[in-house]
Every structure is written in structure tokens, then in C-alpha cells.
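Engineer: One structure is given below, represented as C-alpha cells, and several questions about it will come after.
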Amino acid sequence: MGINGIMMQYFEWDLPADQTLWNNLKADATKLKNAGVTAVWLPPAYKGANGATDVGYSVYDLYDLGEFNQKGSVATKYGTKEEYLSAIKALHAKKINVYADIVLNHKIGADEVETVSAEEFNANSRNQMIGDTKKIGAWTKFTFPGRKGKYSEFTWNWNHFDGIDWDQDRATKSIFRFKDKEWDKSVDKELDNYDYLMGADVDFDNQEVREEFMRWGKWYTETACLDGFRLDAVKHINKYFYKDWLRYIKGDTEKEIFAVGEYWHWDINRLLDYINCNEGEVNLFDVPLHFNFHNCSKAHGNYDLRTILDGTLIKTNPMKAVTFVDNHDSQPGQSLESWVEDWFKPMAYAIILLRQEGYPCVFYGDYKGIPPKKVKSKKKELDKLMKLRRDKAYGPQHDYFDDPNCIGWTREGDEEHKDSGLAVVISDGTGGTKHMYIGKQFAGCHFADAMGNAKYNIKIDEEGFGDFYVNRSQVAVWVRKENK
């Protein structure tokens with residue numbers, strides 16, 4: 001069985017553009033291992049349109065991992081290719097898996113403008129055409145002159161895209177679909193059709209594009225020795241594409257490849273449909289759970305904690321759920337800002353780290369802080385919770401979601417993990433006590449709060465029950481107290 005897995009998202013949006021992340025990650029490898037991290041999700045490692053300042057989502061050249069002088073620099077925001085590969089090697093030496101963030105939906109920063117016949121569409125109703133077909137100046141020709149055909153001689157032109165949001169000839173921003181092209185039907189239905197997101201929108205029906213993505217996926221997986229992928233913006237991409245792509249990568253490289261997609265929507269049914277269409281090849285981030293955390297934190301006690309898992313992936317399809325509290329998109333200042341307030345953070349992390357369902361992801365911005373946004377590090381609390389997940393959170397689980405302001409659960413522990421087992425109590429109000437079963441094997445044992453919030457120890461009765469308590473707006477995690 002081994003130890004419980006923990007993924008860490010090792011970046012946040014406001015990191016300084018000082019090209020040091022890969023070197024910092026390499027230096028951090030041992031600390032991450034000791035903290036219980038088993039996999040790291042890294043930011044997009046290839047050259048973006050804004051060169052050394054690009055967070056990575058404005059994709060320019062997928063083959064430039066900080067190797068070529070393009071967009072004003074050799075390095076990306078995070079460092080050079082050599083530093084990237086060296087960091088991955090250091091992580092693998094500590095048996096930490098590496099997941100690469102990939103963005104295939106769009107390209108930005110074209111090398112040349114092309115004249116293309118296009119039709120303008122209503123930004124709020126993407127199936128509604130407005131105006132007549134006209135010629136526009138489209139930034140759609142990607143020749144990568146700095147790379148000079150190394151690794152791939154494939155260059156992009158307007159035929160490889162469905163549309164764009166800028167007419168260079170008229171200096172006009174709008175949504176333009178190229179003549180004789182169609183928006184993908186199998187995408188999210190928000191705005192009637194959410195195929196178009198930004199930049200030059202990739203045409204996934206184009207066979208040349210599909211073949212190039214297959215070649216690149218194999219090259220990237222082998223070049224960087226990747227263990228998996230975080231798939232950006234999947235709700236804007238043909239929902240059957242990644243099933244074929246991942247099966248090709250797995251078949252060709254003969255590697256076990258993990259994949260988690262970002263489908264940003266509160267509606268669990270949309271996520272379940274996507275998982276079904278991909279026949280289980282893609283896991284998804286539990287965005288509905290994140291929104292439950294956000295709403296609870298904003299309610300300051302006026303939230304029914306019994307419903308905290310309702311409508312979530314962790315409850316509906318836990319084997320495909322990657323749970324998280326916040327990320328680079330939800331952090332302060334971002335377009336999808338939905339930050340979970342600080343007071344509730346330890347409770348939210350207890351839910352994703354100490355329950356048996358889901359694969360938890362810890363956010364760099366919570367672990368290390370976000371100085372530009374005055375977000376302080378929660379490393380102290382997170383280190384405790386991560387260690388508890390690694391050492392104690394095993395065995396059968398018993399839920400006590402029976403009070404609107406105070407919930408709890410226990411894990412009985414198992415034989416494989418010595419001294420495992422724990423009890424968790426969470427309150428968003430005045431606190432309380434939960435009479436919970438943790439196992440007859442603990443009869444007569446004393447338990448203490450590993451978080452240090454509850455002052456007095458408790459004793460488990462002969463039937464394996466304990467009266468576990470928690471203080472106001474806190475989390476208590478009860479573990480067997482060492483006999484001295």
C-alpha cells in the first residue's frame with residue numbers, strides 16, 4: 001500500500017520573474033520529501049509570448065524549454081532547460097513524481113500576420129455571428145526563427161486554428177472565426193459554446209495539429225522524464241482529445257502517465273460527463289469542493305458544515321478527484337479569484353489531507369506565502385497536517401457530519417502503518433465535542449491534539465469511543481499520545 005500521496009503545486013502567479021524557480025526547486029527536493037510530498041506539479045516550462053516574464057499560459061513554442069533565444073530571452077520565467085531537467089532529476093532521486101503543466105488550447109505571440117477571411121461572433125453568445133465575412137489581419141503564423149527547426153520542423157499557420165480575438169488591420173478586439181471553420185461542439189456550453197478562450201484558438205479537428213501534438217507529447221515526456229500532466233483549460237478543448245493523446249503517449253513510451261485536468265466549473269455533472277467521455281483517462285480537480293470551501297470561509301459560521309462535501313467530485317467519484325483548497329487561478333488578483341479565507345484554511349486542508357477519498361494538492365501560495373498580496377505562509381499548520389496524512393491517516397473511516405457547525409471523522413489506522421489512526425473535529429462556530437468511534441484497539445489509550453489547539457488529553461473508552469472536542473473556529477486532530 002505504501003504511504004498516502006500528496007501533490008504540491010510548486011508555483012503561484014506572482015512569483016518574481018528572476019529565473020530561479022527551477023534552482024529553488026532542486027534545492028528544496030529533500031525538504032519536500034521530508035514533508036511528505038510524493039509528486040510536484042510544475043508550471044508551464046516552455047517559452048511564452050512574454051518571454052522571461054511569462055507565467056507560461058500564453059503559449060508560444062512548446063519545444064523551447066528555456067533553450068533558445070526567443071521572445072527576448074533564452075530562459076523562461078523559471079530558468080533554463082538545463083536547470084529544469086536538473087531539478088526533475090533531483091526530485092526523481094527523492095522518489096518524487098513530476099507532473100508538467102501543458103497548455104494546448106491556444107497559441108500567442110505569432111511571428112507573422114496572415115490575411116484571413118473571418119466572421120465576427122458575439123462574445124456573449126458564441127454561436128451568433130454578427131456582420132459579414134471580411135478579411136482580417138491575424139497573428140497566426142508561428143515559424144520559431146530562434147529554434148530553426150530543431151526537434152520539429154512543424155510551423156503553424158491560420159489553417160491550424162479556428163479563430164482569434166484580434167484584427168491587426170483594424171486594430172480591433174473581437175471574436176473572429178475563420179471562414180469554413182467550426183467551433184468544436186464537444187466543449188463546455190457556457191456562452192453557448194466555450195471553444196474560444198484566448199489567442200489563436202487551436203483547431204483540434206485538423207489532422208496535422210493532432211499528429212504534431214502526438215509527436216510533441218512523446219518528445220516532451222521522454223526529454224523531461226515526466227510522470228504525468230496537469231491539463232490546462234480542458235473545458236475549451238474537444239472533450240475526447242486527451243483520451244486519444246494520453247493513450248498514444250502511454251503506448252509509445254510504455255510509461256504509467258498520470259493526468260489531471262482543469263475543468264473550472266461548480267457543476268459536478270459537467271465534470272462527471274468529461275470523465276466519462278475520456279473513459280477514465282483523465283482525473284479532474286475538484287472545483288466544486290473548492291467553491292464549497294470558499295463559500296464556507298466567507299460565511300463565517302453561517303454555513304451548514306454537514307453539506308461541505310455535497311455536489312463534489314470527492315463524494316461522487318472519489319477515485320478521479322484531485323482535491324485542492326486554492327491555486328494560482330483562485331489566488332488574490334486573478335481572474336478566477338475565489339480565495340479561501342485564512343481562518344478556514346487549516347480546516348479545508350484537514351478535509352483534503354486527512355480523509356480517505358481524493359488525491360490532495362497543496363498550493364505553493366499557502367505553503368510559502370504570496371508576498372505581493374500579503375498572503376502569509378501557513379507552512380507550520382500544513383507541515384503538521386501533511387505529516388499526519390503521511391503517518392496517521394489510514395484505515396476505515398467513520399463520519400460524524402451531524403451538526404451544522406461542528407463535524408468530525410475518525411480513521412482506525414491499519415497494521416501496515418505503525419501507530420496510525422486519528423480523529424478530526426472541525427468547528428466554524430463556538431466549538432464542540434463529538435462522541436466518535438475510533439476502534440476498540442485503542443481502548444484505554446490517551447489521545448492528544450496534534451495541532452496544539454485543544455489543551456486537555458482524552459481517554460478512549462472500552463468500546464473504542466472517545467469524546468473528541470474542538471475550540472471555536474478551529475480544527476483538532478487527535479492522535480494516540482506516546483507513553484512516557
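Going through the C-alpha cells in order, the chains are called A, B, and so on, while each chain numbers its residues from 1 and the ligands are numbered from 1 in the order shown.
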When you look at A:Tyr263 with a cut-off of 8 Å (counting only C-alpha atoms), what residues show up, excluding the ones that are within fewer than 6 positions of it in the same chain? I need them as number ranges by chain.

Structural biologist: A: 233-235, 271, 284-285, 287

Engineer: Store the residues of this selection in a file with N, CA and C atoms, as a PDB file, in the first residue's frame.

Structural biologist:
ATOM      1  N   ALA A 233      -7.258  24.130 -19.015  1.00  0.00           N
ATOM      2  CA  ALA A 233      -8.422  24.611 -19.779  1.00  0.00           C
ATOM      3  C   ALA A 233      -9.122  23.526 -20.588  1.00  0.00           C
ATOM      4  N   VAL A 234      -9.351  22.354 -19.977  1.00  0.00           N
ATOM      5  CA  VAL A 234      -9.909  21.247 -20.765  1.00  0.00           C
ATOM      6  C   VAL A 234     -11.346  21.503 -21.204  1.00  0.00           C
ATOM      7  N   LYS A 235     -12.066  22.385 -20.536  1.00  0.00           N
ATOM      8  CA  LYS A 235     -13.458  22.603 -20.946  1.00  0.00           C
ATOM      9  C   LYS A 235     -13.564  23.360 -22.266  1.00  0.00           C
ATOM     10  N   LEU A 271     -18.341  17.916 -14.828  1.00  0.00           N
ATOM     11  CA  LEU A 271     -17.098  17.206 -14.564  1.00  0.00           C
ATOM     12  C   LEU A 271     -17.262  15.709 -14.778  1.00  0.00           C
ATOM     13  N   LEU A 284      -9.826  14.874 -12.543  1.00  0.00           N
ATOM     14  CA  LEU A 284     -10.126  16.305 -12.558  1.00  0.00           C
ATOM     15  C   LEU A 284      -9.925  16.911 -11.171  1.00  0.00           C
ATOM     16  N   PHE A 285      -9.542  18.185 -11.162  1.00  0.00           N
ATOM     17  CA  PHE A 285      -9.512  18.933  -9.909  1.00  0.00           C
ATOM     18  C   PHE A 285     -10.946  19.104  -9.407  1.00  0.00           C
ATOM     19  N   VAL A 287     -13.167  21.187  -8.381  1.00  0.00           N
ATOM     20  CA  VAL A 287     -13.511  22.610  -8.336  1.00  0.00           C
ATOM     21  C   VAL A 287     -14.759  22.863  -7.483  1.00  0.00           C
TER      22      VAL A 287
END

Engineer: I'd like the contact shell of A:Tyr367 - 9 Å cut-off, only C-alpha atoms, skipping same-chain residues fewer than 3 positions apart - returned as an NGL selection string.

Structural biologist: :A and (362-364 or 376-380 or 382-383)

Engineer: Considering only C-alpha atoms, return as a PyMOL selection string whatever protein or nucleic-acid residues lie within 10 Å of A:Lys148, sequence-local ones (same chain, fewer than 5 positions apart) excluded.

Structural biologist: chain A and resi 68+143+153

Engineer: I need the residues from that last selection saved to file as an mmCIF file, in the first residue's frame (with N, CA and C atoms), if you can.

Structural biologist:
data_model
loop_
_atom_site.group_PDB
_atom_site.id
_atom_site.type_symbol
_atom_site.label_atom_id
_atom_site.label_comp_id
_atom_site.auth_asym_id
_atom_site.auth_seq_id
_atom_site.Cartn_x
_atom_site.Cartn_y
_atom_site.Cartn_z
ATOM 1 N N PHE A 68 16.367 28.380 -26.293
ATOM 2 C CA PHE A 68 16.605 29.208 -27.473
ATOM 3 C C PHE A 68 16.338 30.685 -27.174
ATOM 4 N N THR A 143 6.676 30.545 -36.854
ATOM 5 C CA THR A 143 7.799 29.899 -37.550
ATOM 6 C C THR A 143 8.973 29.587 -36.635
ATOM 7 N N GLU A 153 10.187 20.444 -37.305
ATOM 8 C CA GLU A 153 10.160 21.432 -38.397
ATOM 9 C C GLU A 153 8.746 21.955 -38.639
#

Engineer: Hey, which of A:Pro332, A:Pro288, A:Gly149, A:Pro360 ends up closest to A:Trp41? Count only C-alpha atoms.

Structural biologist: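 Among A:Pro332, A:Pro288, A:Gly149, A:Pro360, it is A:Pro360 that comes nearest to A:Trp41.
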
Engineer: Please measure the separation of atom CA of A:Asn276 and atom CA of A:Leu42, giving the value in Å to one decimal.

Structural biologist: 26.5 Å

Engineer: Tell me, as an NGL selection string, which residues lie within 9 Å of stretch 118-120 of chain A, counting only C-alpha atoms; anything in the same chain fewer than 6 positions away does not count.

Structural biologist: :A and (128-136 or 163 or 174-180)

Engineer: Mind writing the picked residues with all heavy atoms as a compact mmCIF listing (two decimals), in the first residue's frame?

Structural biologist:
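File written: part_10.txt
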# COMPACT_ATOMS: atom_id res chain seq x y z
N GLN A 128 -23.63 33.02 -32.30
CA GLN A 128 -24.31 34.10 -33.04
C GLN A 128 -23.30 34.93 -33.82
O GLN A 128 -22.46 35.62 -33.25
CB GLN A 128 -25.07 35.00 -32.05
CG GLN A 128 -25.82 36.13 -32.74
CD GLN A 128 -26.47 37.07 -31.74
OE1 GLN A 128 -26.36 36.88 -30.54
NE2 GLN A 128 -27.14 38.09 -32.24
N MET A 129 -23.39 34.86 -35.14
CA MET A 129 -22.50 35.64 -35.99
C MET A 129 -23.04 37.06 -36.12
O MET A 129 -24.25 37.27 -36.20
CB MET A 129 -22.39 34.99 -37.38
CG MET A 129 -21.26 35.52 -38.23
SD MET A 129 -21.04 34.56 -39.73
CE MET A 129 -22.29 35.29 -40.78
N ILE A 130 -22.13 38.04 -36.09
CA ILE A 130 -22.53 39.43 -36.25
C ILE A 130 -21.73 40.04 -37.41
O ILE A 130 -20.51 39.93 -37.44
CB ILE A 130 -22.33 40.24 -34.96
CG1 ILE A 130 -20.91 40.06 -34.40
CG2 ILE A 130 -23.33 39.83 -33.90
CD1 ILE A 130 -20.62 40.87 -33.16
N GLY A 131 -22.41 40.62 -38.37
CA GLY A 131 -21.72 41.22 -39.51
C GLY A 131 -21.40 40.21 -40.61
O GLY A 131 -21.71 39.02 -40.50
N ASP A 132 -20.77 40.70 -41.66
CA ASP A 132 -20.45 39.87 -42.82
C ASP A 132 -19.02 39.32 -42.74
O ASP A 132 -18.19 39.79 -41.96
CB ASP A 132 -20.59 40.71 -44.11
CG ASP A 132 -22.00 41.24 -44.30
OD1 ASP A 132 -22.94 40.49 -43.99
OD2 ASP A 132 -22.15 42.40 -44.74
N THR A 133 -18.74 38.36 -43.60
CA THR A 133 -17.39 37.83 -43.72
C THR A 133 -16.46 38.92 -44.24
O THR A 133 -16.82 39.67 -45.15
CB THR A 133 -17.35 36.63 -44.69
OG1 THR A 133 -18.26 35.63 -44.21
CG2 THR A 133 -15.96 36.05 -44.79
N LYS A 134 -15.27 39.03 -43.64
CA LYS A 134 -14.33 40.05 -44.09
C LYS A 134 -12.90 39.56 -43.90
O LYS A 134 -12.65 38.60 -43.17
CB LYS A 134 -14.55 41.35 -43.31
CG LYS A 134 -14.43 41.22 -41.80
CD LYS A 134 -14.88 42.50 -41.10
CE LYS A 134 -14.99 42.31 -39.59
NZ LYS A 134 -15.60 43.47 -38.93
N LYS A 135 -11.99 40.24 -44.58
CA LYS A 135 -10.57 39.92 -44.45
C LYS A 135 -10.02 40.61 -43.20
O LYS A 135 -10.29 41.79 -42.97
CB LYS A 135 -9.80 40.42 -45.67
CG LYS A 135 -10.27 39.83 -47.00
CD LYS A 135 -9.69 38.47 -47.24
CE LYS A 135 -9.99 38.00 -48.68
NZ LYS A 135 -9.49 36.65 -48.92
N ILE A 136 -9.28 39.86 -42.39
CA ILE A 136 -8.65 40.46 -41.21
C ILE A 136 -7.16 40.13 -41.21
O ILE A 136 -6.71 39.21 -41.90
CB ILE A 136 -9.29 39.97 -39.89
CG1 ILE A 136 -9.02 38.47 -39.67
CG2 ILE A 136 -10.79 40.24 -39.87
CD1 ILE A 136 -9.35 37.98 -38.27
N GLY A 163 -9.92 30.33 -34.81
CA GLY A 163 -10.24 31.75 -34.73
C GLY A 163 -9.24 32.50 -33.88
O GLY A 163 -8.25 31.94 -33.39
N SER A 174 -12.14 41.55 -31.01
CA SER A 174 -13.44 40.89 -31.07
C SER A 174 -13.16 39.40 -31.27
O SER A 174 -12.01 39.00 -31.35
CB SER A 174 -14.28 41.44 -32.23
OG SER A 174 -15.60 40.94 -32.16
N ILE A 175 -14.21 38.60 -31.33
CA ILE A 175 -14.00 37.17 -31.58
C ILE A 175 -14.28 36.88 -33.04
O ILE A 175 -15.39 37.08 -33.53
CB ILE A 175 -14.89 36.32 -30.66
CG1 ILE A 175 -14.44 36.51 -29.21
CG2 ILE A 175 -14.82 34.84 -31.04
CD1 ILE A 175 -15.25 35.76 -28.20
N PHE A 176 -13.24 36.44 -33.73
CA PHE A 176 -13.32 36.15 -35.16
C PHE A 176 -13.12 34.66 -35.39
O PHE A 176 -12.13 34.08 -34.92
CB PHE A 176 -12.25 36.92 -35.94
CG PHE A 176 -12.34 38.41 -35.80
CD1 PHE A 176 -11.55 39.09 -34.88
CD2 PHE A 176 -13.23 39.15 -36.58
CE1 PHE A 176 -11.63 40.47 -34.75
CE2 PHE A 176 -13.32 40.53 -36.46
CZ PHE A 176 -12.52 41.20 -35.54
N ARG A 177 -14.06 34.05 -36.12
CA ARG A 177 -13.89 32.66 -36.53
C ARG A 177 -13.53 32.62 -38.00
O ARG A 177 -14.15 33.31 -38.81
CB ARG A 177 -15.18 31.86 -36.28
CG ARG A 177 -14.99 30.36 -36.44
CD ARG A 177 -16.28 29.62 -36.17
NE ARG A 177 -17.24 29.77 -37.27
CZ ARG A 177 -18.48 29.33 -37.26
NH1 ARG A 177 -18.95 28.73 -36.16
NH2 ARG A 177 -19.30 29.50 -38.28
N PHE A 178 -12.51 31.83 -38.32
CA PHE A 178 -12.04 31.80 -39.70
C PHE A 178 -13.07 31.11 -40.60
O PHE A 178 -13.76 30.17 -40.19
CB PHE A 178 -10.70 31.09 -39.79
CG PHE A 178 -9.62 31.75 -38.98
CD1 PHE A 178 -8.60 31.02 -38.40
CD2 PHE A 178 -9.62 33.13 -38.78
CE1 PHE A 178 -7.60 31.63 -37.65
CE2 PHE A 178 -8.64 33.76 -38.03
CZ PHE A 178 -7.62 33.01 -37.45
N LYS A 179 -13.15 31.62 -41.85
CA LYS A 179 -14.14 31.13 -42.81
C LYS A 179 -13.98 29.63 -43.03
O LYS A 179 -12.87 29.11 -43.11
CB LYS A 179 -13.97 31.88 -44.14
CG LYS A 179 -15.11 31.65 -45.14
CD LYS A 179 -14.95 32.59 -46.33
CE LYS A 179 -16.10 32.44 -47.31
NZ LYS A 179 -16.11 31.12 -47.98
N ASP A 180 -15.11 28.95 -43.08
CA ASP A 180 -15.18 27.50 -43.29
C ASP A 180 -14.70 26.69 -42.09
O ASP A 180 -14.52 25.47 -42.19
CB ASP A 180 -14.41 27.06 -44.55
CG ASP A 180 -14.96 27.70 -45.82
OD1 ASP A 180 -16.19 27.91 -45.89
OD2 ASP A 180 -14.17 28.02 -46.72

Engineer: So how many Å separate atom CA of A:Gln19 and atom CA of A:Ile102, to one decimal?

Structural biologist: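 Rounded to one decimal, the two atoms are 19.1 Å apart.
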
Engineer: Could you please write out, as a ChimeraX atom specification, every residue of stretch 16-197 of chain A that DSSP assigns to alpha helix (DSSP H)?

Structural biologist: /A:21-35,81-93

Engineer: Enumerate the residues of stretch 214-324 of chain A with a DSSP assignment of strand (DSSP E), computed from the backbone, and present them as a ChimeraX atom specification.

Structural biologist: /A:228-231,258-261,283-285,321-324

Engineer: For the selection you just gave me, I'd like the residues written to a file as a compact mmCIF listing (two decimals), in the first residue's frame, keeping C-alpha atoms.

Structural biologist:
# COMPACT_ATOMS: atom_id res chain seq x y z
CA GLY A 228 2.25 12.93 -15.67
CA PHE A 229 0.49 16.09 -16.77
CA ARG A 230 -1.75 18.84 -15.50
CA LEU A 231 -4.02 19.66 -18.45
CA PHE A 258 -0.99 10.34 -14.55
CA ALA A 259 -3.20 13.14 -15.85
CA VAL A 260 -5.37 15.70 -14.08
CA GLY A 261 -7.45 18.23 -15.97
CA ASN A 283 -8.73 12.86 -13.36
CA LEU A 284 -10.13 16.31 -12.56
CA PHE A 285 -9.51 18.93 -9.91
CA ALA A 321 -10.84 13.58 -7.67
CA VAL A 322 -7.76 15.73 -7.14
CA THR A 323 -8.67 17.92 -4.19
CA PHE A 324 -7.30 21.41 -3.55

Engineer: Could you list, as an MDAnalysis selection string, every residue within 10 Å of A:Leu354, counting only C-alpha atoms and ignoring same-chain residues fewer than 2 positions away?

Structural biologist: chainID A and resid 4 349:352 356:358 360 385:386 388:390 392:394 409:411 422:424 477

Engineer: Out of A:Glu114, A:Asp64, A:Glu222, A:Asp28, which residue has the shortest atom-to-atom distance to A:Glu254 when counting only C-alpha atoms?

Structural biologist: A:Glu222

Engineer: When distances are computed from only C-alpha atoms, which of A:Ile275, A:Ala200, A:Gly217, A:Asp167 shows the smallest separation from A:Lys141?

Structural biologist: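 Looking only at the distances to A:Lys141, the closest residue turns out to be A:Ala200.
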
Engineer: May I ask which of the residues A:Asn23, A:Gln168, A:Asn159, A:Asn34 is the closest one to A:Gly79, counting only C-alpha atoms?

Structural biologist: A:Asn23

Engineer: Could you check the closest approach to A:Tyr194 for each of A:Arg472, A:Lys26, A:Lys459, A:His236 and tell me which residue wins, using only C-alpha atoms?

Structural biologist: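 Selected residue with least distance to A:Tyr194: A:His236.
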